[in-house]
file run-v6.tsv (TSV, C-alpha atoms)
chain	number	residue	atom	x	y	z
A	1	MET	CA	-26.49	22.51	27.21
A	2	ALA	CA	-25.41	20.62	30.26
A	3	ASP	CA	-22.56	22.99	31.22
A	4	GLY	CA	-24.60	26.13	30.60
A	5	SER	CA	-22.72	27.27	27.50
A	6	PRO	CA	-24.87	28.26	24.55
A	7	TRP	CA	-22.43	26.56	22.12
A	8	PRO	CA	-22.35	22.84	21.37
A	9	ALA	CA	-19.00	21.28	22.35
A	10	ARG	CA	-18.19	20.62	18.71
A	11	TRP	CA	-18.44	24.34	17.88
A	12	ARG	CA	-16.41	25.43	20.84
A	13	ARG	CA	-13.44	23.44	19.59
A	14	TRP	CA	-13.72	25.14	16.23
A	15	LYS	CA	-13.97	28.57	17.78
A	16	LEU	CA	-10.64	27.99	19.53
A	17	ARG	CA	-9.00	26.79	16.34
A	18	PHE	CA	-10.34	29.77	14.47
A	19	ALA	CA	-9.06	32.18	17.11
A	20	LEU	CA	-5.60	30.61	17.01
A	21	LEU	CA	-5.56	30.82	13.23
A	22	ALA	CA	-6.59	34.48	13.34
A	23	ILE	CA	-3.83	35.26	15.85
A	24	ALA	CA	-1.24	33.45	13.73
A	25	LEU	CA	-2.38	35.36	10.66
A	26	ALA	CA	-2.22	38.66	12.54
A	27	MET	CA	1.33	37.85	13.65
A	28	VAL	CA	2.39	37.13	10.10
A	29	VAL	CA	0.76	40.26	8.73
A	30	THR	CA	2.14	42.64	11.34
A	31	GLY	CA	5.56	41.01	11.45
A	32	TRP	CA	5.17	40.54	15.16
A	33	GLY	CA	7.97	38.53	16.71
A	34	HIS	CA	10.38	39.46	13.94
A	35	VAL	CA	13.13	41.27	15.77
A	36	ASP	CA	16.13	42.55	13.90
A	37	LEU	CA	18.58	43.39	16.66
A	38	ASN	CA	21.03	45.18	14.45
A	39	ALA	CA	18.39	47.40	12.96
A	40	GLN	CA	17.24	48.19	16.48
A	41	GLY	CA	20.68	49.56	17.19
A	42	TYR	CA	22.19	46.64	19.07
A	43	ARG	CA	25.69	45.41	18.57
A	44	ARG	CA	27.78	42.67	20.01
A	45	GLY	CA	29.76	43.88	23.01
A	46	ASP	CA	33.45	43.95	22.30
A	47	VAL	CA	34.33	41.94	25.37
A	48	SER	CA	31.41	39.84	26.44
A	49	GLY	CA	30.12	38.91	23.02
A	50	GLU	CA	26.55	39.64	24.12
A	51	MET	CA	24.17	41.82	22.20
A	52	VAL	CA	24.17	45.20	23.94
A	53	PRO	CA	22.44	48.41	22.93
A	54	PHE	CA	24.55	50.38	20.48
A	55	ALA	CA	22.19	53.27	20.10
A	56	PRO	CA	18.72	53.55	21.56
A	57	ALA	CA	16.13	51.87	19.37
A	58	ARG	CA	14.43	54.67	17.56
A	59	PRO	CA	11.84	55.14	14.89
A	60	LEU	CA	12.89	56.38	11.49
A	61	LYS	CA	13.07	60.17	11.33
A	62	PRO	CA	12.87	61.29	7.72
A	63	LYS	CA	14.88	64.51	8.13
A	64	ARG	CA	17.74	62.79	9.92
A	65	ASP	CA	17.80	59.37	8.29
A	66	LEU	CA	16.84	59.99	4.68
A	67	ILE	CA	18.20	62.02	1.81
A	68	ARG	CA	15.67	63.08	-0.79
A	69	GLY	CA	16.30	63.53	-4.49
A	70	LYS	CA	14.60	66.26	-6.54
A	71	ASP	CA	11.90	63.89	-7.79
A	72	GLY	CA	10.82	62.70	-4.35
A	73	ARG	CA	12.78	59.46	-4.29
A	74	PHE	CA	14.74	58.94	-1.09
A	75	TRP	CA	17.58	56.83	0.23
A	76	ARG	CA	18.91	56.05	3.71
A	77	ARG	CA	21.77	58.19	4.95
A	78	LEU	CA	24.87	56.01	5.16
A	79	VAL	CA	25.71	56.59	8.82
A	80	ASN	CA	22.13	55.98	9.93
A	81	ASP	CA	21.37	52.96	7.79
A	82	GLY	CA	21.73	50.47	10.63
A	83	LEU	CA	24.73	48.87	8.96
A	84	HIS	CA	27.60	51.35	8.76
A	85	ASP	CA	29.50	52.18	11.91
A	86	LYS	CA	29.28	55.93	12.32
A	87	TYR	CA	32.35	55.95	14.55
A	88	ASN	CA	34.50	54.61	11.71
A	89	PRO	CA	36.73	57.56	10.76
A	90	ASP	CA	36.72	56.50	7.09
A	91	VAL	CA	32.96	56.40	6.69
A	92	GLY	CA	33.06	59.94	5.31
A	93	LYS	CA	35.11	58.74	2.36
A	94	LEU	CA	32.27	56.54	1.10
A	95	ARG	CA	29.66	57.73	-1.36
A	96	GLU	CA	26.12	58.35	-0.23
A	97	PRO	CA	23.73	56.16	-2.23
A	98	ALA	CA	21.53	59.21	-2.76
A	99	GLN	CA	24.38	61.12	-4.35
A	100	THR	CA	24.88	58.54	-7.10
A	101	LEU	CA	21.44	57.00	-7.47
A	102	SER	CA	19.37	60.19	-7.59
A	103	LYS	CA	20.98	60.94	-10.97
A	104	LEU	CA	19.67	57.68	-12.47
A	105	PRO	CA	16.17	57.16	-13.86
A	106	GLY	CA	13.69	55.27	-11.76
A	107	LYS	CA	10.46	55.53	-9.92
A	108	ARG	CA	9.78	56.02	-6.30
A	109	ASP	CA	8.73	52.60	-5.12
A	110	GLU	CA	10.75	52.40	-1.92
A	111	ILE	CA	11.90	48.95	-2.92
A	112	GLY	CA	15.12	47.95	-4.60
A	113	ASN	CA	17.42	50.87	-5.25
A	114	ASN	CA	14.57	53.11	-6.53
A	115	VAL	CA	16.39	52.81	-9.84
A	116	ASP	CA	15.38	51.26	-13.15
A	117	TRP	CA	18.75	49.73	-13.94
A	118	VAL	CA	17.73	48.52	-17.40
A	119	ALA	CA	16.79	52.06	-18.44
A	120	ALA	CA	19.89	53.54	-16.78
A	121	LEU	CA	22.10	51.25	-18.87
A	122	ARG	CA	20.22	51.54	-22.17
A	123	ARG	CA	19.84	55.30	-22.02
A	124	GLY	CA	23.49	55.75	-21.20
A	125	TYR	CA	23.24	57.17	-17.68
A	126	ILE	CA	25.83	54.61	-16.63
A	127	MET	CA	28.47	52.89	-18.72
A	128	PRO	CA	29.56	49.85	-16.72
A	129	LYS	CA	32.46	47.97	-18.26
A	130	ASP	CA	31.96	44.58	-19.89
A	131	ARG	CA	35.37	43.26	-18.95
A	132	LEU	CA	38.30	44.06	-16.73
A	133	LYS	CA	41.00	42.69	-19.01
A	134	PRO	CA	40.92	43.17	-22.76
A	135	GLY	CA	39.06	40.44	-24.64
A	136	ASP	CA	36.19	39.62	-26.96
A	137	LYS	CA	32.85	41.33	-26.77
A	138	PRO	CA	30.60	39.14	-24.67
A	139	GLU	CA	27.83	37.04	-26.16
A	140	THR	CA	24.31	38.44	-25.99
A	141	ARG	CA	20.94	37.02	-26.83
A	142	SER	CA	17.70	38.83	-27.52
A	143	THR	CA	14.90	36.26	-27.42
A	144	ASP	CA	12.08	36.48	-24.92
A	145	ILE	CA	10.57	33.46	-23.22
A	146	ILE	CA	6.94	33.50	-22.16
A	147	MET	CA	6.26	31.45	-19.04
A	148	PRO	CA	2.55	30.67	-18.89
A	149	ARG	CA	2.11	28.70	-15.66
A	150	THR	CA	1.13	31.64	-13.50
A	151	ALA	CA	-2.31	30.68	-12.19
A	152	ALA	CA	-4.46	33.82	-12.04
A	153	MET	CA	-1.58	36.26	-12.63
A	154	PRO	CA	-0.58	37.64	-16.04
A	155	MET	CA	2.06	35.49	-17.76
A	156	VAL	CA	5.78	36.04	-17.19
A	157	ARG	CA	8.00	37.44	-19.93
A	158	PHE	CA	11.64	36.53	-19.38
A	159	PRO	CA	13.79	38.85	-21.55
A	160	HIS	CA	17.19	37.37	-22.50
A	161	GLY	CA	18.08	40.84	-23.83
A	162	ALA	CA	17.89	42.77	-20.57
A	163	HIS	CA	19.74	39.96	-18.81
A	164	SER	CA	22.59	39.25	-21.19
A	165	GLU	CA	23.42	42.96	-21.27
A	166	TRP	CA	24.45	42.59	-17.62
A	167	LEU	CA	25.17	38.93	-17.12
A	168	ASP	CA	27.14	36.12	-18.65
A	169	CYS	CA	25.36	33.03	-19.99
A	170	SER	CA	27.25	31.00	-17.38
A	171	ASN	CA	25.54	32.89	-14.56
A	172	CYS	CA	22.29	31.13	-15.44
A	173	HIS	CA	23.17	28.16	-17.68
A	174	ASP	CA	23.16	25.37	-16.84
A	175	GLN	CA	22.73	26.33	-13.19
A	176	PRO	CA	20.02	27.18	-12.22
A	177	PHE	CA	18.37	27.08	-15.69
A	178	LYS	CA	18.68	24.44	-18.41
A	179	LYS	CA	18.82	25.82	-21.95
A	180	GLU	CA	15.34	24.66	-22.75
A	181	ALA	CA	12.12	26.65	-22.73
A	182	GLY	CA	9.56	25.28	-20.29
A	183	ALA	CA	12.03	22.91	-18.63
A	184	HIS	CA	11.38	24.12	-15.10
A	185	ARG	CA	8.57	23.93	-12.61
A	186	ILE	CA	8.99	27.35	-11.04
A	187	ASN	CA	6.65	28.64	-8.39
A	188	MET	CA	6.59	31.87	-6.44
A	189	GLU	CA	7.48	30.23	-3.18
A	190	ASP	CA	10.82	29.10	-4.59
A	191	ILE	CA	11.45	32.54	-6.06
A	192	LEU	CA	10.73	34.31	-2.79
A	193	ALA	CA	13.00	31.82	-1.03
A	194	GLY	CA	15.84	32.82	-3.34
A	195	GLU	CA	15.86	30.12	-5.99
A	196	PHE	CA	15.57	30.42	-9.79
A	197	CYS	CA	14.77	34.06	-10.60
A	198	GLY	CA	14.91	34.86	-6.87
A	199	ARG	CA	18.63	34.30	-6.72
A	200	CYS	CA	19.08	37.80	-8.10
A	201	HIS	CA	15.58	39.28	-7.87
A	202	GLY	CA	15.39	39.84	-4.13
A	203	SER	CA	19.04	40.56	-3.38
A	204	VAL	CA	20.56	42.63	-6.20
A	205	ALA	CA	18.20	42.98	-9.18
A	206	PHE	CA	14.73	44.49	-8.61
A	207	PRO	CA	12.93	42.53	-5.88
A	208	ALA	CA	10.14	40.02	-6.29
A	209	THR	CA	7.61	42.42	-4.77
A	210	ASP	CA	7.43	44.21	-8.13
A	211	CYS	CA	5.03	41.54	-9.42
A	212	LEU	CA	3.97	43.13	-12.68
A	213	ARG	CA	7.43	43.79	-14.00
A	214	CYS	CA	7.79	40.02	-14.46
A	215	HIS	CA	4.11	39.17	-14.84
A	216	SER	CA	3.74	41.56	-17.74
A	217	VAL	CA	1.86	39.62	-20.42
A	218	GLU	CA	-1.93	39.71	-20.08
A	219	ARG	CA	-3.81	36.68	-21.25
A	220	ASN	CA	-6.48	37.55	-23.78
A	221	VAL	CA	-9.50	38.15	-21.64
A	222	GLY	CA	-12.65	36.43	-22.81
A	223	THR	CA	-11.05	34.03	-25.29
A	224	ALA	CA	-10.47	30.38	-24.62
A	225	ASN	CA	-6.83	29.61	-23.89
B	1	MET	CA	-12.33	37.62	-8.58
B	2	LYS	CA	-9.57	35.10	-8.06
B	3	ARG	CA	-7.04	37.67	-9.12
B	4	VAL	CA	-8.39	40.29	-6.75
B	5	LEU	CA	-8.18	37.79	-3.93
B	6	LEU	CA	-4.63	36.90	-4.86
B	7	ALA	CA	-3.62	40.53	-5.02
B	8	VAL	CA	-5.12	41.21	-1.60
B	9	VAL	CA	-3.31	38.27	-0.06
B	10	ALA	CA	-0.06	39.23	-1.75
B	11	LEU	CA	-0.37	42.83	-0.57
B	12	ALA	CA	-1.17	41.80	2.97
B	13	LEU	CA	1.80	39.47	3.18
B	14	ILE	CA	4.31	41.40	1.18
B	15	SER	CA	3.63	45.01	2.07
B	16	ALA	CA	7.03	46.59	1.93
B	17	VAL	CA	8.77	47.80	5.04
B	18	ALA	CA	11.45	50.40	4.48
B	19	ALA	CA	14.65	48.42	4.00
B	20	HIS	CA	17.51	49.34	6.26
B	21	ALA	CA	20.74	49.33	4.34
B	22	GLU	CA	20.90	50.22	0.67
B	23	TYR	CA	19.48	47.41	-1.43
B	24	GLY	CA	22.17	44.93	-2.47
B	25	ASP	CA	24.68	45.68	0.30
B	26	VAL	CA	26.59	42.52	1.20
B	27	VAL	CA	28.18	42.16	4.64
B	28	LEU	CA	31.19	39.84	4.92
B	29	ASN	CA	31.88	38.96	8.50
B	30	ASP	CA	33.06	35.35	8.59
B	31	ARG	CA	36.52	36.34	9.79
B	32	SER	CA	36.73	40.10	10.22
B	33	GLU	CA	35.20	40.53	13.63
B	34	ALA	CA	36.92	37.46	15.04
B	35	ALA	CA	40.18	39.11	13.99
B	36	GLY	CA	39.25	42.44	15.57
B	37	MET	CA	38.19	44.34	12.45
B	38	ARG	CA	34.80	45.81	11.60
B	39	PRO	CA	32.75	43.69	9.19
B	40	VAL	CA	33.24	44.38	5.47
B	41	ILE	CA	30.43	46.05	3.54
B	42	PHE	CA	30.41	45.43	-0.20
B	43	PRO	CA	28.03	47.82	-2.00
B	44	HIS	CA	26.52	46.26	-5.14
B	45	TRP	CA	24.71	49.50	-5.95
B	46	TYR	CA	27.96	51.33	-6.50
B	47	HIS	CA	29.94	48.61	-8.26
B	48	ARG	CA	27.21	47.94	-10.80
B	49	THR	CA	27.43	51.52	-12.00
B	50	VAL	CA	31.03	50.88	-13.08
B	51	TYR	CA	31.16	47.14	-13.82
B	52	LYS	CA	28.59	44.73	-15.15
B	53	CYS	CA	27.73	41.67	-13.14
B	54	ARG	CA	29.66	39.47	-15.52
B	55	VAL	CA	32.99	41.12	-14.69
B	56	CYS	CA	32.88	39.86	-11.12
B	57	HIS	CA	30.61	36.88	-11.40
B	58	ALA	CA	32.11	35.37	-14.56
B	59	GLU	CA	35.49	36.90	-15.43
B	60	LEU	CA	36.79	37.18	-11.87
B	61	GLY	CA	34.89	34.11	-10.74
B	62	PHE	CA	33.03	35.43	-7.67
B	63	LYS	CA	30.39	32.83	-6.87
B	64	MET	CA	26.87	34.28	-6.64
B	65	GLU	CA	26.30	33.23	-3.10
B	66	VAL	CA	27.12	35.16	0.00
B	67	GLY	CA	30.01	33.62	1.89
B	68	ALA	CA	30.73	31.02	-0.79
B	69	ASN	CA	33.96	32.67	-1.90
B	70	ARG	CA	35.54	32.47	1.54
B	71	ILE	CA	37.55	35.63	0.87
B	72	SER	CA	40.36	36.28	3.32
B	73	MET	CA	42.74	39.16	3.71
B	74	SER	CA	45.69	37.06	2.55
B	75	ASP	CA	43.85	36.39	-0.73
B	76	LEU	CA	43.67	40.14	-1.14
B	77	TYR	CA	47.37	40.63	-0.43
B	78	TYR	CA	48.04	38.09	-3.20
B	79	GLY	CA	45.92	40.21	-5.57
B	80	ARG	CA	42.85	38.01	-5.72
B	81	PHE	CA	39.13	38.83	-5.32
B	82	CYS	CA	38.56	42.47	-4.40
B	83	ALA	CA	42.24	43.21	-4.93
B	84	GLU	CA	42.00	42.42	-8.66
B	85	CYS	CA	40.68	45.99	-8.77
B	86	HIS	CA	41.54	47.43	-5.37
B	87	ASN	CA	45.24	47.47	-6.16
B	88	GLY	CA	45.98	51.18	-6.35
B	89	LYS	CA	45.61	51.24	-10.16
B	90	THR	CA	42.06	50.27	-11.17
B	91	ALA	CA	40.70	51.50	-7.83
B	92	TRP	CA	42.20	52.61	-4.52
B	93	GLY	CA	44.43	49.98	-2.93
B	94	ILE	CA	44.39	48.17	0.36
B	95	GLU	CA	47.02	50.03	2.33
B	96	GLY	CA	45.55	52.93	4.27
B	97	ASN	CA	42.02	52.13	3.18
B	98	CYS	CA	41.09	49.49	5.74
B	99	GLY	CA	38.13	51.54	6.94
B	100	ARG	CA	36.55	51.90	3.51
B	101	CYS	CA	35.93	48.17	3.26
B	102	HIS	CA	35.82	47.37	6.98
B	103	SER	CA	33.05	49.85	7.65
B	104	GLY	CA	30.22	47.88	9.31
B	105	MET	CA	28.84	47.91	12.82
B	106	THR	CA	30.16	45.06	14.90
B	107	GLY	CA	27.78	42.18	15.39
B	108	VAL	CA	26.28	42.31	11.91
B	109	PRO	CA	26.36	38.79	10.46
B	110	THR	CA	27.41	37.79	6.93
B	111	GLY	CA	24.55	38.18	4.44
B	112	VAL	CA	22.78	40.45	1.97
B	113	HIS	CA	21.54	43.20	4.22
B	114	GLY	CA	19.93	45.59	1.85
B	115	ARG	CA	17.79	42.61	0.90
B	116	HIS	CA	14.23	43.59	0.54
B	117	ARG	CA	12.37	42.82	3.72
B	118	THR	CA	8.76	41.80	3.92
B	119	THR	CA	6.49	41.15	6.80
B	120	GLY	CA	5.83	37.67	5.48
B	121	PRO	CA	6.85	34.57	7.36
B	122	GLY	CA	10.57	34.09	7.79
B	123	TYR	CA	13.11	35.76	5.59
B	124	TRP	CA	11.42	36.85	2.39
call {"tool": "encode", "arguments": {"input": "run-v6.tsv", "output": "structure tokens"}}
result
Amino acid sequence: MADGSPWPARWRRWKLRFALLAIALAMVVTGWGHVDLNAQGYRRGDVSGEMVPFAPARPLKPKRDLIRGKDGRFWRRLVNDGLHDKYNPDVGKLREPAQTLSKLPGKRDEIGNNVDWVAALRRGYIMPKDRLKPGDKPETRSTDIIMPRTAAMPMVRFPHGAHSEWLDCSNCHDQPFKKEAGAHRINMEDILAGEFCGRCHGSVAFPATDCLRCHSVERNVGTAN
Amino acid sequence: MKRVLLAVVALALISAVAAHAEYGDVVLNDRSEAAGMRPVIFPHWYHRTVYKCRVCHAELGFKMEVGANRISMSDLYYGRFCAECHNGKTAWGIEGNCGRCHSGMTGVPTGVHGRHRTTGPGYW
């Protein structure tokens, strides 16, 4: 080569692109650059409005920050959860999540509430009320809908039963779902961004990281489909 | 093979980081801090043990979107929103219990904070 480099110019350009891509990927994977000031213990100064340290940023210490249930599941301690103000005199009147949730069935998955809410309701661990004011028993529906457009993943089973035990038809129909099987082009990106199923799964119902709870129907392996 | 690849990619992107607040905690801070109160923390995890979603999101008409209800303290004094229950009969009332609702650290913005966090791009 004229400039003494062992690589042809064409390759050198590609090497740079590849390096940049690798760095970008590493940033995404390690969450580098994602700074959550509140979780780091910063709060807005009362006077200046700037973000000032509230407590020194500190790593999670299991003994101090977590409360463990008998079966190994654990929950954040209220005053150290990065959200509640521990100098609020009334914070002691609130319930610890661990106190209530450790009595409910569930597995230790460190995501969601560590609680299987469907089982908790069906097996009678909790008896949430259907209505506030007296009225008719709400409408339920028990059909399942199989959603097959899942690429290489198992198919999705949407159970109307588990949903209409908690929710009203109007929470889903006709926004965001039309009453018609197969009417929607749903993809995972939309769900993770909080649309369709992701409206609830990701903020209140079990989160979208529990892939196989939705993608629960195996395609017959080896047969044409 | 394709599935293995997919699983690896999904795991790499979506490996769970311990969430901070309890999952489902909603912070309401559109007006509180500006008016000198701590932000409000609404715990879904507790309320869903005593009321089904439909009580709030259908019967009482809470919209399922953070901030969309534009709740203000005067609504509560007129018995709307939270005060349909927090009226001293169904659940403890407003007077003397400011700190139970207004319990957040200052500076925390409105949003679902117990939301599951991932290390993926943006706000998954």
call {"tool": "atom_distance", "arguments": {"input": "run-v6.tsv", "atom1": "atom CA of Ala151 of chain A", "atom2": "atom CA of His163 of chain A"}}
result
24.8 Å
call {"tool": "atom_distance", "arguments": {"input": "run-v6.tsv", "atom1": "atom CA of Arg31 of chain B", "atom2": "atom CA of Gly198 of chain A"}}
result
27.3 Å
call {"tool": "residues_around", "arguments": {"input": "run-v6.tsv", "residues": "Cys56 of chain B", "least_positions_apart": "3", "cutoff": "12 Å", "atoms": "all atoms listed in the file", "output": "ChimeraX atom specification"}}
result
/A:128-133,166-168,171 /B:44,47-48,50-53,59-64,69,80-85
call {"tool": "axis_aligned_box", "arguments": {"input": "run-v6.tsv", "around": "segment 137-152 of chain A", "padding_each_side": "8 Å", "output": "JSON"}}
result
{"center_x": 14.2, "center_y": 35.0, "center_z": -19.8, "size_x": 53.3, "size_y": 28.6, "size_z": 31.5}
call {"tool": "closest_atom_pairs", "arguments": {"input": "run-v6.tsv", "of": "chain A", "to": "chain B", "cutoff": "8 Å", "atoms": "all atoms listed in the file", "output": "Markdown table"}}
result
| residue | atom | partner | partner_atom | distance |
| --- | --- | --- | --- | --- |
| A:Val28 | CA | B:Gly120 | CA | 5.8 |
| A:Val29 | CA | B:Leu13 | CA | 5.7 |
| A:Thr30 | CA | B:Thr119 | CA | 6.5 |
| A:Gly31 | CA | B:Thr119 | CA | 4.7 |
| A:Asn38 | CA | B:Val108 | CA | 6.5 |
| A:Ala39 | CA | B:His20 | CA | 7.0 |
| A:Arg43 | CA | B:Gly107 | CA | 5.0 |
| A:Arg44 | CA | B:Gly107 | CA | 4.6 |
| A:Met51 | CA | B:Gly107 | CA | 7.7 |
| A:Trp75 | CA | B:Glu22 | CA | 7.4 |
| A:Arg76 | CA | B:Glu22 | CA | 6.9 |
| A:Leu78 | CA | B:Ala21 | CA | 7.9 |
| A:Asp81 | CA | B:Ala21 | CA | 5.0 |
| A:Gly82 | CA | B:His20 | CA | 6.2 |
| A:Leu83 | CA | B:Gly104 | CA | 5.6 |
| A:His84 | CA | B:Gly104 | CA | 4.4 |
| A:Asp85 | CA | B:Met105 | CA | 4.4 |
| A:Asn88 | CA | B:Ser103 | CA | 6.4 |
| A:Pro89 | CA | B:Gly99 | CA | 7.3 |
| A:Asp90 | CA | B:Gly99 | CA | 5.2 |
| A:Val91 | CA | B:Arg100 | CA | 6.6 |
| A:Lys93 | CA | B:Arg100 | CA | 7.1 |
| A:Leu94 | CA | B:Arg100 | CA | 6.8 |
| A:Pro97 | CA | B:Glu22 | CA | 7.2 |
| A:Thr100 | CA | B:Tyr46 | CA | 7.9 |
| A:Glu110 | CA | B:Ala18 | CA | 6.7 |
| A:Ile111 | CA | B:His116 | CA | 6.8 |
| A:Gly112 | CA | B:Tyr23 | CA | 5.4 |
| A:Asn113 | CA | B:Tyr23 | CA | 5.6 |
| A:Ile126 | CA | B:Thr49 | CA | 5.8 |
| A:Met127 | CA | B:Val50 | CA | 6.5 |
| A:Pro128 | CA | B:Val50 | CA | 4.1 |
| A:Lys129 | CA | B:Tyr51 | CA | 4.7 |
| A:Asp130 | CA | B:Lys52 | CA | 5.8 |
| A:Arg131 | CA | B:Val55 | CA | 5.3 |
| A:Leu132 | CA | B:Val55 | CA | 6.4 |
| A:Ala152 | CA | B:Arg3 | CA | 5.5 |
| A:Met153 | CA | B:Arg3 | CA | 6.6 |
| A:Trp166 | CA | B:Lys52 | CA | 5.3 |
| A:Leu167 | CA | B:Arg54 | CA | 4.8 |
| A:Asp168 | CA | B:Arg54 | CA | 5.2 |
| A:Ser170 | CA | B:Ala58 | CA | 7.1 |
| A:Asn171 | CA | B:Ala58 | CA | 7.0 |
| A:Leu192 | CA | B:Trp124 | CA | 5.8 |
| A:Ala193 | CA | B:Trp124 | CA | 6.3 |
| A:Gly202 | CA | B:His116 | CA | 6.1 |
| A:Ser203 | CA | B:Arg115 | CA | 4.9 |
| A:Val204 | CA | B:Gly24 | CA | 4.7 |
| A:Pro207 | CA | B:His116 | CA | 6.6 |
| A:Thr209 | CA | B:Ile14 | CA | 6.9 |
call {"tool": "atom_distance", "arguments": {"input": "run-v6.tsv", "atom1": "atom CA of Asp30 of chain B", "atom2": "atom CA of Thr110 of chain B"}}
result
6.4 Å
call {"tool": "residues_around", "arguments": {"input": "run-v6.tsv", "residues": "His160 of chain A", "least_positions_apart": "6", "cutoff": "9 Å", "atoms": "all atoms listed in the file", "output": "ChimeraX atom specification"}}
result
/A:140-145
